[in-house]
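Shown next: entry-v8.txt, given as compact mmCIF, C-alpha atoms.
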```txt
# COMPACT_ATOMS: atom_id res chain seq x y z
CA MET Z 224 -171.16 -82.01 -42.33
CA THR Z 225 -174.13 -83.78 -43.86
CA GLY Z 226 -175.58 -83.78 -47.35
CA GLU Z 227 -172.34 -83.22 -49.27
CA THR Z 228 -169.33 -85.35 -50.10
CA LEU Z 229 -165.80 -84.15 -50.69
CA ALA Z 230 -166.22 -85.13 -54.34
CA GLU Z 231 -169.03 -82.57 -54.56
CA LEU Z 232 -166.81 -79.92 -52.93
CA ILE Z 233 -164.04 -80.74 -55.40
CA GLN Z 234 -166.54 -80.28 -58.22
CA LEU Z 235 -167.52 -76.87 -56.82
CA LYS Z 236 -163.89 -75.76 -56.70
CA LYS Z 237 -163.13 -77.23 -60.15
CA THR Z 238 -165.78 -74.92 -61.59
CA GLY Z 239 -164.40 -71.88 -59.76
CA ARG Z 240 -167.07 -71.69 -57.05
CA GLU Z 241 -166.38 -70.49 -53.52
CA LEU Z 242 -166.36 -72.95 -50.63
CA SER Z 243 -168.10 -71.91 -47.43
CA ASP Z 244 -166.37 -71.70 -44.05
CA ARG Z 245 -168.29 -74.79 -43.00
CA GLN Z 246 -167.15 -76.75 -46.05
CA ILE Z 247 -163.48 -75.79 -45.61
CA SER Z 248 -163.66 -76.63 -41.88
CA TRP Z 249 -165.06 -80.08 -42.66
CA TRP Z 250 -162.36 -80.75 -45.25
CA ILE Z 251 -159.46 -79.73 -42.98
CA GLU Z 252 -160.91 -81.65 -40.03
CA GLY Z 253 -161.00 -84.73 -42.26
CA VAL Z 254 -157.43 -84.12 -43.41
CA THR Z 255 -156.29 -83.86 -39.79
CA ASN Z 256 -158.08 -86.92 -38.45
CA GLY Z 257 -157.42 -89.05 -41.52
CA SER Z 258 -161.06 -89.62 -42.45
CA ILE Z 259 -160.56 -88.08 -45.91
CA PRO Z 260 -158.28 -90.14 -48.16
CA ASP Z 261 -155.15 -88.57 -49.64
CA TYR Z 262 -156.33 -89.01 -53.22
CA GLN Z 263 -159.36 -86.80 -52.60
CA THR Z 264 -157.32 -84.12 -50.84
CA THR Z 265 -154.86 -84.24 -53.75
CA ALA Z 266 -157.75 -83.58 -56.15
CA MET Z 267 -158.90 -80.65 -54.01
CA LEU Z 268 -155.38 -79.20 -53.95
CA MET Z 269 -155.17 -79.47 -57.72
CA ALA Z 270 -158.54 -77.73 -58.11
CA ILE Z 271 -157.34 -74.92 -55.81
CA TYR Z 272 -154.08 -74.70 -57.76
CA PHE Z 273 -155.93 -74.05 -61.03
CA LYS Z 274 -158.96 -72.09 -59.79
CA GLY Z 275 -157.48 -70.25 -56.80
CA MET Z 276 -159.29 -69.14 -53.66
CA SER Z 277 -160.99 -65.89 -52.71
CA PRO Z 278 -159.48 -63.80 -49.89
CA ARG Z 279 -162.25 -65.03 -47.59
CA GLU Z 280 -161.58 -68.70 -48.47
CA THR Z 281 -157.83 -68.25 -48.01
CA ALA Z 282 -158.31 -66.55 -44.63
CA TRP Z 283 -160.61 -69.31 -43.39
CA LEU Z 284 -158.33 -72.08 -44.68
CA THR Z 285 -155.50 -70.42 -42.74
CA HIS Z 286 -157.65 -70.29 -39.60
CA CYS Z 287 -158.50 -73.99 -39.92
CA ILE Z 288 -154.83 -74.92 -40.38
CA SER Z 289 -153.75 -72.80 -37.40
CA THR Z 290 -156.35 -74.37 -35.10
CA SER Z 291 -155.90 -77.96 -36.32
CA GLY Z 292 -153.55 -78.61 -33.37
CA ASP Z 293 -152.03 -76.72 -30.47
CA VAL Z 294 -152.02 -72.92 -30.47
CA ILE Z 295 -148.99 -71.79 -28.49
CA ASP Z 296 -149.68 -69.51 -25.52
CA LEU Z 297 -146.80 -67.06 -25.12
CA SER Z 298 -148.52 -64.89 -22.52
CA SER Z 299 -145.88 -65.81 -19.92
CA LEU Z 300 -143.24 -64.06 -22.03
CA LYS Z 301 -142.54 -60.45 -21.16
CA GLY Z 302 -142.85 -57.75 -23.82
CA ILE Z 303 -144.00 -57.69 -27.44
CA LYS Z 304 -143.33 -61.08 -29.00
CA CYS Z 305 -141.91 -60.90 -32.55
CA ASP Z 306 -141.55 -63.65 -35.10
CA LYS Z 307 -139.80 -63.64 -38.47
CA HIS Z 308 -140.46 -65.96 -41.38
CA SER Z 309 -138.76 -66.39 -44.74
CA SER Z 310 -140.49 -68.01 -47.70
CA GLY Z 311 -137.23 -69.85 -48.31
CA GLY Z 312 -134.18 -69.61 -50.50
CA VAL Z 313 -130.51 -70.43 -50.99
CA ALA Z 314 -127.84 -69.25 -48.51
CA ASP Z 315 -130.67 -67.62 -46.54
CA THR Z 316 -128.68 -67.41 -43.30
CA VAL Z 317 -130.91 -64.73 -41.75
CA SER Z 318 -132.75 -66.05 -38.70
CA ILE Z 319 -129.78 -66.94 -36.48
CA PRO Z 320 -127.87 -63.61 -36.60
CA LEU Z 321 -131.15 -61.66 -36.73
CA ILE Z 322 -132.40 -63.14 -33.47
CA ALA Z 323 -129.05 -62.51 -31.77
CA ILE Z 324 -128.96 -58.87 -32.90
CA ALA Z 325 -132.61 -58.11 -32.12
CA ALA Z 326 -132.49 -59.85 -28.73
CA SER Z 327 -129.31 -57.99 -27.75
CA CYS Z 328 -131.20 -54.75 -28.52
CA GLY Z 329 -134.06 -55.71 -26.19
CA ALA Z 330 -136.51 -57.39 -28.57
CA VAL Z 331 -138.36 -60.59 -27.63
CA MET Z 332 -137.78 -63.27 -30.29
CA PRO Z 333 -139.39 -66.67 -29.61
CA LYS Z 334 -138.96 -68.65 -32.84
CA MET Z 335 -140.15 -72.08 -33.84
CA SER Z 336 -138.52 -73.27 -37.05
CA GLY Z 337 -138.60 -76.29 -39.30
CA ARG Z 338 -136.21 -78.52 -41.13
CA GLY Z 339 -135.39 -78.00 -44.76
CA LEU Z 340 -136.84 -79.87 -47.69
CA GLY Z 341 -135.10 -79.08 -50.96
CA HIS Z 342 -131.95 -77.12 -51.69
CA THR Z 343 -130.39 -76.92 -48.21
CA GLY Z 344 -131.23 -77.48 -44.59
CA GLY Z 345 -133.65 -75.38 -42.60
CA THR Z 346 -132.75 -73.28 -39.57
CA ILE Z 347 -133.10 -76.27 -37.25
CA ASP Z 348 -130.70 -78.34 -39.37
CA LYS Z 349 -128.16 -75.51 -39.34
CA LEU Z 350 -128.36 -75.16 -35.56
CA GLU Z 351 -127.76 -78.89 -35.11
CA ALA Z 352 -124.32 -78.38 -36.64
CA ILE Z 353 -123.41 -76.69 -33.34
CA PRO Z 354 -122.11 -79.36 -30.90
CA GLY Z 355 -124.76 -80.26 -28.32
CA PHE Z 356 -127.37 -77.71 -29.48
CA ASN Z 357 -130.83 -78.81 -28.34
CA VAL Z 358 -133.68 -77.86 -30.66
CA ASN Z 359 -136.27 -80.02 -28.87
CA LEU Z 360 -137.17 -77.76 -25.97
CA THR Z 361 -140.16 -78.09 -23.68
CA LYS Z 362 -142.49 -75.10 -23.47
CA ALA Z 363 -141.11 -74.33 -20.00
CA GLN Z 364 -137.50 -74.43 -21.24
CA PHE Z 365 -138.39 -72.30 -24.26
CA THR Z 366 -140.12 -69.56 -22.27
CA GLU Z 367 -137.39 -69.53 -19.61
CA ILE Z 368 -134.64 -69.02 -22.22
CA VAL Z 369 -136.59 -66.31 -24.06
CA ASN Z 370 -137.40 -64.47 -20.84
CA ARG Z 371 -133.76 -64.55 -19.81
CA TRP Z 372 -131.95 -63.94 -23.09
CA GLY Z 373 -134.60 -62.42 -25.35
CA GLY Z 374 -134.61 -65.23 -27.90
CA ALA Z 375 -134.56 -68.96 -28.53
CA ILE Z 376 -135.08 -71.21 -31.54
CA MET Z 377 -136.81 -74.56 -31.15
CA ALA Z 378 -138.11 -77.18 -33.56
CA GLN Z 379 -141.77 -76.93 -34.37
CA THR Z 380 -143.61 -79.72 -32.58
CA SER Z 381 -145.87 -82.20 -34.34
CA ASP Z 382 -148.81 -80.80 -32.38
CA VAL Z 383 -148.64 -77.37 -34.08
CA ALA Z 384 -150.71 -77.08 -37.30
CA PRO Z 385 -150.74 -80.84 -38.08
CA ALA Z 386 -153.08 -80.23 -41.04
CA ASP Z 387 -150.32 -78.22 -42.72
CA LYS Z 388 -147.86 -81.10 -42.49
CA LYS Z 389 -150.30 -83.41 -44.29
CA LEU Z 390 -151.22 -80.83 -46.91
CA TYR Z 391 -147.59 -79.87 -47.55
CA ALA Z 392 -146.52 -83.50 -47.99
CA LEU Z 393 -149.20 -83.95 -50.66
CA ARG Z 394 -148.41 -80.60 -52.33
CA ASP Z 395 -144.75 -81.56 -52.49
CA VAL Z 396 -145.42 -84.73 -54.51
CA THR Z 397 -148.19 -83.34 -56.73
CA ALA Z 398 -146.53 -80.15 -58.06
CA THR Z 399 -149.02 -77.90 -56.26
CA ILE Z 400 -146.47 -76.05 -54.13
CA ASP Z 401 -146.48 -72.75 -56.04
CA SER Z 402 -150.06 -71.66 -55.36
CA ILE Z 403 -150.46 -68.34 -53.55
CA PRO Z 404 -153.50 -69.39 -51.44
CA LEU Z 405 -151.78 -72.64 -50.46
CA ILE Z 406 -148.41 -71.03 -49.71
CA ALA Z 407 -150.00 -68.18 -47.74
CA SER Z 408 -152.27 -70.44 -45.67
CA SER Z 409 -149.39 -72.83 -44.96
CA ILE Z 410 -147.01 -70.14 -43.75
CA MET Z 411 -149.53 -68.05 -41.86
CA GLY Z 412 -151.30 -71.08 -40.37
CA LYS Z 413 -148.07 -72.01 -38.59
CA LYS Z 414 -147.29 -68.40 -37.68
CA LEU Z 415 -150.73 -67.81 -36.14
CA ALA Z 416 -150.43 -71.03 -34.14
CA SER Z 417 -147.02 -69.92 -32.85
CA GLY Z 418 -148.47 -67.14 -30.71
CA ALA Z 419 -146.37 -64.06 -31.60
CA ASP Z 420 -147.80 -60.52 -31.47
CA VAL Z 421 -145.82 -59.24 -34.48
CA ILE Z 422 -144.96 -61.19 -37.65
CA VAL Z 423 -142.27 -59.91 -40.01
CA LEU Z 424 -142.21 -61.75 -43.33
CA ASP Z 425 -139.35 -62.05 -45.83
CA VAL Z 426 -140.97 -63.04 -49.14
CA LYS Z 427 -138.46 -64.07 -51.79
CA TRP Z 428 -138.68 -63.75 -55.55
CA GLY Z 429 -136.39 -65.15 -58.25
CA SER Z 430 -134.92 -68.38 -59.52
CA GLY Z 431 -134.30 -69.76 -56.03
CA ALA Z 432 -137.76 -68.90 -54.65
CA PHE Z 433 -141.35 -70.15 -54.91
CA MET Z 434 -142.29 -66.91 -56.69
CA SER Z 435 -140.42 -66.32 -59.95
CA SER Z 436 -141.54 -62.69 -60.45
CA THR Z 437 -141.77 -59.63 -58.25
CA SER Z 438 -145.49 -59.30 -59.00
CA GLU Z 439 -146.14 -62.83 -57.75
CA ALA Z 440 -144.06 -62.23 -54.62
CA ILE Z 441 -145.89 -58.96 -53.90
CA ASP Z 442 -149.23 -60.74 -54.34
CA LEU Z 443 -148.16 -63.46 -51.89
CA ALA Z 444 -146.86 -60.87 -49.42
CA ARG Z 445 -150.09 -58.87 -49.65
CA THR Z 446 -152.15 -62.01 -49.04
CA MET Z 447 -150.15 -62.93 -45.94
CA VAL Z 448 -150.28 -59.40 -44.55
CA GLU Z 449 -154.07 -59.41 -44.94
CA ILE Z 450 -154.33 -62.80 -43.20
CA GLY Z 451 -152.15 -61.73 -40.28
CA GLU Z 452 -153.88 -58.39 -39.77
CA ASP Z 453 -157.34 -60.01 -40.02
CA ASN Z 454 -156.28 -62.34 -37.20
CA GLY Z 455 -155.14 -59.52 -34.92
CA LYS Z 456 -151.39 -59.83 -35.59
CA ARG Z 457 -149.32 -56.84 -36.66
CA THR Z 458 -147.89 -58.16 -39.93
CA ILE Z 459 -145.30 -56.54 -42.20
CA ALA Z 460 -143.78 -58.11 -45.31
CA TYR Z 461 -140.62 -57.38 -47.26
CA VAL Z 462 -140.05 -58.67 -50.77
CA THR Z 463 -136.39 -59.54 -51.32
CA ASP Z 464 -134.23 -60.92 -54.11
CA MET Z 465 -133.46 -64.62 -54.48
CA ASN Z 466 -132.19 -64.66 -58.07
CA GLU Z 467 -128.74 -65.45 -56.72
CA PRO Z 468 -127.78 -66.97 -53.35
CA LEU Z 469 -128.33 -64.39 -50.61
CA GLY Z 470 -125.15 -65.20 -48.72
CA ASP Z 471 -121.93 -66.83 -49.88
CA ALA Z 472 -122.18 -70.08 -47.87
CA VAL Z 473 -124.60 -72.85 -48.84
CA GLY Z 474 -124.57 -75.72 -46.36
CA ASN Z 475 -125.38 -76.10 -42.70
CA ALA Z 476 -122.11 -75.80 -40.75
CA LEU Z 477 -120.83 -73.34 -43.36
CA GLU Z 478 -123.87 -71.11 -42.85
CA ILE Z 479 -123.34 -71.15 -39.07
CA LEU Z 480 -119.84 -69.79 -39.68
CA GLU Z 481 -121.28 -67.12 -41.96
CA ALA Z 482 -123.75 -66.11 -39.23
CA VAL Z 483 -120.78 -65.57 -36.91
CA GLN Z 484 -119.06 -63.46 -39.58
CA VAL Z 485 -122.14 -61.20 -39.74
CA LEU Z 486 -122.16 -60.83 -35.96
CA ARG Z 487 -118.47 -59.86 -36.10
CA GLY Z 488 -119.36 -57.03 -38.47
CA GLY Z 489 -118.54 -58.82 -41.73
CA GLY Z 490 -120.37 -61.23 -43.98
CA PRO Z 491 -121.80 -60.76 -47.48
CA PRO Z 492 -123.32 -57.27 -47.98
CA LYS Z 493 -126.65 -58.51 -49.39
CA LEU Z 494 -127.12 -60.91 -46.48
CA ARG Z 495 -126.29 -58.15 -43.98
CA GLU Z 496 -128.74 -55.78 -45.64
CA VAL Z 497 -131.67 -58.21 -45.38
CA ILE Z 498 -130.81 -59.05 -41.75
CA LEU Z 499 -130.54 -55.39 -40.75
CA THR Z 500 -133.68 -54.37 -42.67
CA LEU Z 501 -135.77 -57.01 -40.89
CA CYS Z 502 -134.13 -56.07 -37.58
CA ASP Z 503 -135.05 -52.41 -38.15
CA GLU Z 504 -138.69 -53.46 -38.47
CA ILE Z 505 -138.62 -55.67 -35.39
CA LEU Z 506 -137.09 -52.94 -33.23
CA ILE Z 507 -139.66 -50.39 -34.42
CA GLN Z 508 -142.60 -52.73 -33.88
CA SER Z 509 -141.23 -53.60 -30.43
CA GLY Z 510 -141.19 -49.92 -29.46
CA LEU Z 511 -137.40 -49.93 -29.16
CA ALA Z 512 -136.85 -47.42 -31.97
CA GLN Z 513 -138.92 -44.67 -33.55
CA SER Z 514 -137.44 -44.76 -37.04
CA PRO Z 515 -135.46 -47.07 -39.34
CA GLN Z 516 -132.42 -44.83 -38.86
CA GLU Z 517 -132.59 -45.12 -35.07
CA ALA Z 518 -133.16 -48.88 -35.28
CA ARG Z 519 -130.23 -49.35 -37.67
CA ALA Z 520 -127.90 -47.39 -35.38
CA HIS Z 521 -129.01 -49.54 -32.44
CA ALA Z 522 -128.35 -52.78 -34.35
CA LEU Z 523 -124.97 -51.67 -35.70
CA ARG Z 524 -123.91 -50.65 -32.20
CA ALA Z 525 -124.84 -54.10 -30.88
CA ILE Z 526 -122.65 -55.68 -33.56
CA ALA Z 527 -119.75 -53.26 -33.07
CA ASP Z 528 -119.56 -53.62 -29.28
CA GLY Z 529 -119.85 -57.42 -29.42
CA SER Z 530 -123.16 -57.68 -27.56
CA ALA Z 531 -124.92 -59.38 -30.48
CA LEU Z 532 -122.25 -62.08 -30.73
CA ARG Z 533 -122.31 -62.55 -26.96
CA ARG Z 534 -126.08 -62.95 -27.12
CA LEU Z 535 -125.68 -65.74 -29.68
CA ALA Z 536 -123.24 -67.45 -27.30
CA ASP Z 537 -125.72 -67.04 -24.42
CA ILE Z 538 -128.59 -68.56 -26.40
CA VAL Z 539 -126.39 -71.43 -27.64
CA SER Z 540 -125.29 -72.20 -24.05
CA ALA Z 541 -128.88 -72.00 -22.79
CA GLN Z 542 -129.89 -74.56 -25.41
CA ASP Z 543 -127.09 -76.94 -24.29
CA GLY Z 544 -124.78 -76.07 -27.18
CA ASP Z 545 -121.05 -75.38 -26.99
CA PRO Z 546 -120.38 -71.73 -27.93
CA SER Z 547 -116.65 -72.48 -28.29
CA PHE Z 548 -117.24 -72.96 -32.03
CA ILE Z 549 -117.41 -69.16 -32.34
CA ASP Z 550 -113.65 -68.93 -31.83
CA HIS Z 551 -112.86 -72.51 -32.86
CA PRO Z 552 -114.74 -73.27 -36.09
CA GLU Z 553 -112.96 -76.62 -36.32
CA LEU Z 554 -115.41 -77.85 -33.67
CA LEU Z 555 -118.17 -77.79 -36.28
CA PRO Z 556 -118.62 -80.80 -38.62
CA GLN Z 557 -115.78 -80.92 -41.16
CA ALA Z 558 -116.05 -82.27 -44.71
CA ALA Z 559 -113.50 -84.82 -45.85
CA VAL Z 560 -112.67 -83.12 -49.17
CA GLU Z 561 -112.16 -79.45 -50.07
CA ARG Z 562 -111.96 -78.42 -53.72
CA THR Z 563 -111.35 -75.00 -55.24
CA VAL Z 564 -113.32 -73.89 -58.30
CA HIS Z 565 -111.65 -71.56 -60.81
CA ALA Z 566 -113.30 -69.44 -63.48
CA ARG Z 567 -113.06 -70.73 -67.04
CA TRP Z 568 -113.78 -67.29 -68.56
CA SER Z 569 -113.15 -63.57 -68.15
CA GLY Z 570 -115.79 -60.85 -68.07
CA PHE Z 571 -118.61 -59.68 -65.83
CA VAL Z 572 -120.77 -62.05 -63.80
CA SER Z 573 -124.23 -61.57 -65.33
CA ARG Z 574 -126.11 -64.36 -63.52
CA ILE Z 575 -125.68 -66.83 -60.66
CA ASP Z 576 -128.64 -69.18 -60.75
CA ALA Z 577 -129.76 -69.61 -57.13
CA ARG Z 578 -131.69 -72.79 -57.86
CA GLY Z 579 -128.74 -74.38 -59.65
CA ILE Z 580 -126.39 -73.52 -56.78
CA GLY Z 581 -128.90 -74.81 -54.24
CA GLU Z 582 -129.30 -78.08 -56.11
CA ALA Z 583 -125.52 -78.46 -56.33
CA ALA Z 584 -125.34 -78.21 -52.52
CA MET Z 585 -128.25 -80.61 -52.14
CA HIS Z 586 -126.52 -83.19 -54.33
CA LEU Z 587 -123.50 -82.94 -52.00
CA GLY Z 588 -125.82 -83.93 -49.13
CA ALA Z 589 -126.53 -80.49 -47.63
CA GLY Z 590 -130.28 -80.75 -48.31
CA ARG Z 591 -133.07 -83.28 -48.60
CA GLN Z 592 -134.78 -84.54 -51.72
CA THR Z 593 -137.32 -86.40 -49.54
CA LYS Z 594 -138.32 -85.96 -45.89
CA GLU Z 595 -136.57 -89.23 -45.05
CA ASP Z 596 -133.15 -88.17 -46.37
CA ALA Z 597 -130.35 -87.65 -43.85
CA ILE Z 598 -128.42 -84.39 -44.13
CA ASP Z 599 -124.63 -84.20 -43.98
CA LEU Z 600 -124.08 -81.10 -41.87
CA SER Z 601 -120.45 -80.69 -42.97
CA VAL Z 602 -120.86 -80.41 -46.75
CA GLY Z 603 -121.68 -77.45 -48.95
CA LEU Z 604 -120.04 -74.69 -50.93
CA VAL Z 605 -118.91 -71.09 -50.55
CA LEU Z 606 -119.08 -68.62 -53.43
CA ASP Z 607 -116.54 -65.82 -53.88
CA ILE Z 608 -118.48 -63.84 -56.51
CA LYS Z 609 -121.81 -62.02 -56.95
CA THR Z 610 -123.71 -60.73 -59.97
CA GLY Z 611 -121.99 -57.62 -61.32
CA ASP Z 612 -118.49 -58.64 -60.24
CA THR Z 613 -115.54 -58.70 -62.63
CA VAL Z 614 -113.97 -62.13 -63.04
CA SER Z 615 -110.80 -63.36 -64.78
CA ALA Z 616 -110.06 -66.81 -66.16
CA GLY Z 617 -108.27 -68.87 -63.54
CA GLN Z 618 -109.60 -66.77 -60.65
CA LYS Z 619 -110.91 -68.64 -57.61
CA ILE Z 620 -114.71 -68.30 -57.60
CA ALA Z 621 -115.85 -70.95 -55.10
CA SER Z 622 -114.82 -73.61 -52.60
CA ILE Z 623 -116.52 -77.00 -52.34
CA PHE Z 624 -116.71 -79.10 -49.17
CA ALA Z 625 -117.65 -82.67 -50.01
CA ARG Z 626 -117.70 -86.25 -48.73
CA ASN Z 627 -115.52 -87.53 -51.57
CA ASP Z 628 -113.68 -86.46 -54.71
CA GLU Z 629 -116.44 -87.59 -57.09
CA ASP Z 630 -119.09 -85.52 -55.29
CA ALA Z 631 -116.74 -82.52 -55.44
CA ARG Z 632 -116.09 -83.02 -59.17
CA VAL Z 633 -119.80 -83.17 -60.00
CA CYS Z 634 -120.51 -80.15 -57.82
CA GLU Z 635 -117.83 -78.15 -59.63
CA GLN Z 636 -119.57 -78.78 -62.96
CA GLU Z 637 -122.92 -77.77 -61.47
CA ILE Z 638 -121.49 -74.53 -60.07
CA LEU Z 639 -119.88 -73.61 -63.39
CA ALA Z 640 -123.15 -74.36 -65.22
CA SER Z 641 -125.02 -72.02 -62.83
CA ILE Z 642 -122.83 -68.98 -63.56
CA ASN Z 643 -123.07 -66.80 -66.66
CA VAL Z 644 -120.41 -64.30 -67.67
CA SER Z 645 -120.98 -61.36 -70.03
CA PRO Z 646 -118.48 -59.16 -71.89
CA THR Z 647 -120.33 -56.06 -70.62
CA ALA Z 648 -121.06 -54.95 -67.08
CA VAL Z 649 -124.45 -55.66 -65.52
CA PRO Z 650 -125.92 -54.10 -62.37
CA PRO Z 651 -126.29 -56.19 -59.21
CA TRP Z 652 -129.77 -57.36 -58.20
CA GLN Z 653 -131.72 -55.04 -55.91
CA THR Z 654 -131.78 -56.66 -52.48
CA VAL Z 655 -134.98 -55.25 -50.94
CA VAL Z 656 -137.74 -54.70 -53.50
CA ALA Z 657 -140.79 -53.64 -51.44
CA ARG Z 658 -142.24 -53.20 -47.95
CA ILE Z 659 -145.91 -54.12 -47.58
CA THR Z 660 -148.13 -53.16 -44.65
CA ARG Z 661 -151.79 -52.53 -43.91
CA LYS Z 662 -152.97 -49.32 -42.29
CA ASP Z 663 -156.60 -48.32 -41.70
CA GLY Z 664 -157.67 -51.34 -43.69
CA VAL Z 665 -155.62 -50.43 -46.76
CA VAL Z 666 -152.57 -52.37 -47.97
CA THR Z 667 -149.70 -50.05 -48.86
CA TYR Z 668 -146.49 -50.66 -50.83
CA GLU Z 669 -143.22 -48.87 -50.37
CA HIS Z 670 -140.40 -49.32 -52.87
CA PRO Z 671 -136.89 -48.44 -51.64
```

Rewrite the structure from the file as structure tokens, please.
Amino acid sequence: MTGETLAELIQLKKTGRELSDRQISWWIEGVTNGSIPDYQTTAMLMAIYFKGMSPRETAWLTHCISTSGDVIDLSSLKGIKCDKHSSGGVADTVSIPLIAIAASCGAVMPKMSGRGLGHTGGTIDKLEAIPGFNVNLTKAQFTEIVNRWGGAIMAQTSDVAPADKKLYALRDVTATIDSIPLIASSIMGKKLASGADVIVLDVKWGSGAFMSSTSEAIDLARTMVEIGEDNGKRTIAYVTDMNEPLGDAVGNALEILEAVQVLRGGGPPKLREVILTLCDEILIQSGLAQSPQEARAHALRAIADGSALRRLADIVSAQDGDPSFIDHPELLPQAAVERTVHARWSGFVSRIDARGIGEAAMHLGAGRQTKEDAIDLSVGLVLDIKTGDTVSAGQKIASIFARNDEDARVCEQEILASINVSPTAVPPWQTVVARITRKDGVVTYEHP
């Protein structure tokens, strides 16, 4: 681009002006090839944070991110390819059991996932707790496994959406993470580059999410649905609660065990509800069910007859992992110290701060504070209570799995500080808040 500098584009955005497609393309090309210095991109991100972007700008920024590297060609996969993405949270053990259930019902689930930065590990970190599990598949290996078993999960390669990696790293250190245009373009840029036909989004709201209110989460979901549909991808979003941890387990090996519990027909009710709701959508969009009721019956049957758990074992084996952990959990990484947490009060649980619980697990070593941090796959915590439960002083409310006694002691204090108890009963949080789709060019909202 000639005649303009990035400083001039920053000035335009600072004053609330729209950037053209050409200007955004030039900026992202410079971010990708390193010709634009980080300090200027940081200034642009800050201007976007405060002034926002129009729907057209956001859509084009997403396009530029998605085409900044390789765009995955999944045409060799049979059937309708479905992808699921969560905007992140605490004890969000959804992807692994979801893929096993959906694949066992006939859906096609090729998923590329990332590592976690923040409270706990990402899906890839969790899978690496399984002995031998290979997340670094070639494209040929990936497509072969998906064609045979209906699903696979591999680590996102550095060649997919490289602009997003650079932008996210700068957003992370400049407090510009929680911007709807930047979040939407980051998520959807990677999803568009991943090649799926259908994208099902799980957008979180609450203390453990990017979006602190339902209105913000709905706005983000709407933006991502518009982006996906404008790029020819059938896109559906659900807004779900992340005011308290979704599951009970927070920590990588612990969350793998919880995934197995779900596939055995158990697991925390809120976690099961989100998994089954997203699975309903995937089965309908894949043409495998005509209604949510039919889809739910199909999924529950796959759990009850063991086919979903067998499909997890098949995918683990295909990715060089040892499925023996399903019946022998001691094969997963084991923490050196286990500590029980007891309630100090009696009453009704009125709040479990998801962020506080997530940070407690991170301080144990279950998550990363920086990209360079090493994760301890064995550590974490398991809660025994949810908002709305009755609790008595002295009752066991959590278990801690730590590297040493001091880590466990500190974690206990953080858990207790994250839980509020009231003398009067409070209702539990609503798990699924809204479903957002676009039909005939109009975004629609359904509230369960």

Next item on the list: May I ask which of the residues Z:Gly302, Z:Gly451, Z:Pro556, Z:Gly544 is the closest one to Z:Gln508, counting all atoms listed in the file?
Entry: Z:Gly302

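Computed from the coordinates, the atom CA of Z:Leu532 to atom CA of Z:Ala326 distance equals 10.7 Å.
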
Checklist line | Z:Ala522 environment, 9 Å, only C-alpha atoms, sequence neighbours closer than 4 positions dropped, as a list in words | finding: Ile324, Ala325, Ser327, Cys328, Leu499, Cys502, Asp503, Leu506, Glu517, Ala518, Ile526, Ala527 and Ala531 of chain Z

What does the file look like for those residues with C-alpha atoms, as a short mmCIF file (atom, residue, chain, number, x, y, z; two decimals), in the coordinates of the input?
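Writing done, so here's again.cif:
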```cif
data_model
loop_
_atom_site.label_atom_id
_atom_site.label_comp_id
_atom_site.auth_asym_id
_atom_site.auth_seq_id
_atom_site.Cartn_x
_atom_site.Cartn_y
_atom_site.Cartn_z
CA ILE Z 324 -128.96 -58.87 -32.90
CA ALA Z 325 -132.61 -58.11 -32.12
CA SER Z 327 -129.31 -57.99 -27.75
CA CYS Z 328 -131.20 -54.75 -28.52
CA LEU Z 499 -130.54 -55.39 -40.75
CA CYS Z 502 -134.13 -56.07 -37.58
CA ASP Z 503 -135.05 -52.41 -38.15
CA LEU Z 506 -137.09 -52.94 -33.23
CA GLU Z 517 -132.59 -45.12 -35.07
CA ALA Z 518 -133.16 -48.88 -35.28
CA ILE Z 526 -122.65 -55.68 -33.56
CA ALA Z 527 -119.75 -53.26 -33.07
CA ALA Z 531 -124.92 -59.38 -30.48
#
```

Next item on the list: Go ahead and compute the interatomic distance for atom CA of Z:Thr265 and atom CA of Z:Leu393, in Å to one decimal.
Entry: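 These atoms are spaced 6.5 Å apart.
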
Note to self: Taking only C-alpha atoms into account, name the residue in Z:Ala444, Z:Ala482, Z:Ile403, Z:Val254 that is nearest to Z:Ala384.
What the structure shows: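 Distance minimum relative to Z:Ala384 lands on Z:Val254.
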
Would you write out, as CSV, a table of all residues in stretch 351-412 of chain Z that have an atom no more than 10 Å from an atom of stretch 572-594 of chain Z, listing for each the closest atom pair and the distance in Å to one decimal, considering all atoms listed in the file and ordering rows by chain and rising residue number?
```
residue,atom,partner,partner_atom,distance
Z:Ala392,CA,Z:Lys594,CA,8.8
Z:Asp395,CA,Z:Thr593,CA,9.3
Z:Val396,CA,Z:Thr593,CA,9.6
```

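For the choices Z:Val655, Z:Val473, Z:Ile549, Z:Gly239, the atom-to-atom distance to Z:Ala621 is smallest for Z:Val473 when using only C-alpha atoms.
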
Note to self: Could you check which residues have any atom within 9 Å of (-155.1, -61.8, -43.0), counting only C-alpha atoms with coordinates taken straight from the file, and then list them as a ChimeraX atom specification?
What the structure shows: /Z:278,281-282,285,411,445-456,458

Item checked: Straight-line distance linking atom CA of Z:Gly292 with atom CA of Z:Gly418, stated in Å to one decimal ->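 Straight-line distance from atom CA of Z:Gly292 to atom CA of Z:Gly418 works out to 12.8 Å.
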
Tell me, as a compact mmCIF listing (two decimals) with C-alpha atoms, in the frame of the given file, which residues lie within 10 Å of Z:Glu629, counting all atoms listed in the file; anything in the same chain fewer than 5 positions away does not count.
```txt
# COMPACT_ATOMS: atom_id res chain seq x y z
CA VAL Z 560 -112.67 -83.12 -49.17
CA LEU Z 587 -123.50 -82.94 -52.00
CA CYS Z 634 -120.51 -80.15 -57.82
CA GLU Z 635 -117.83 -78.15 -59.63
```
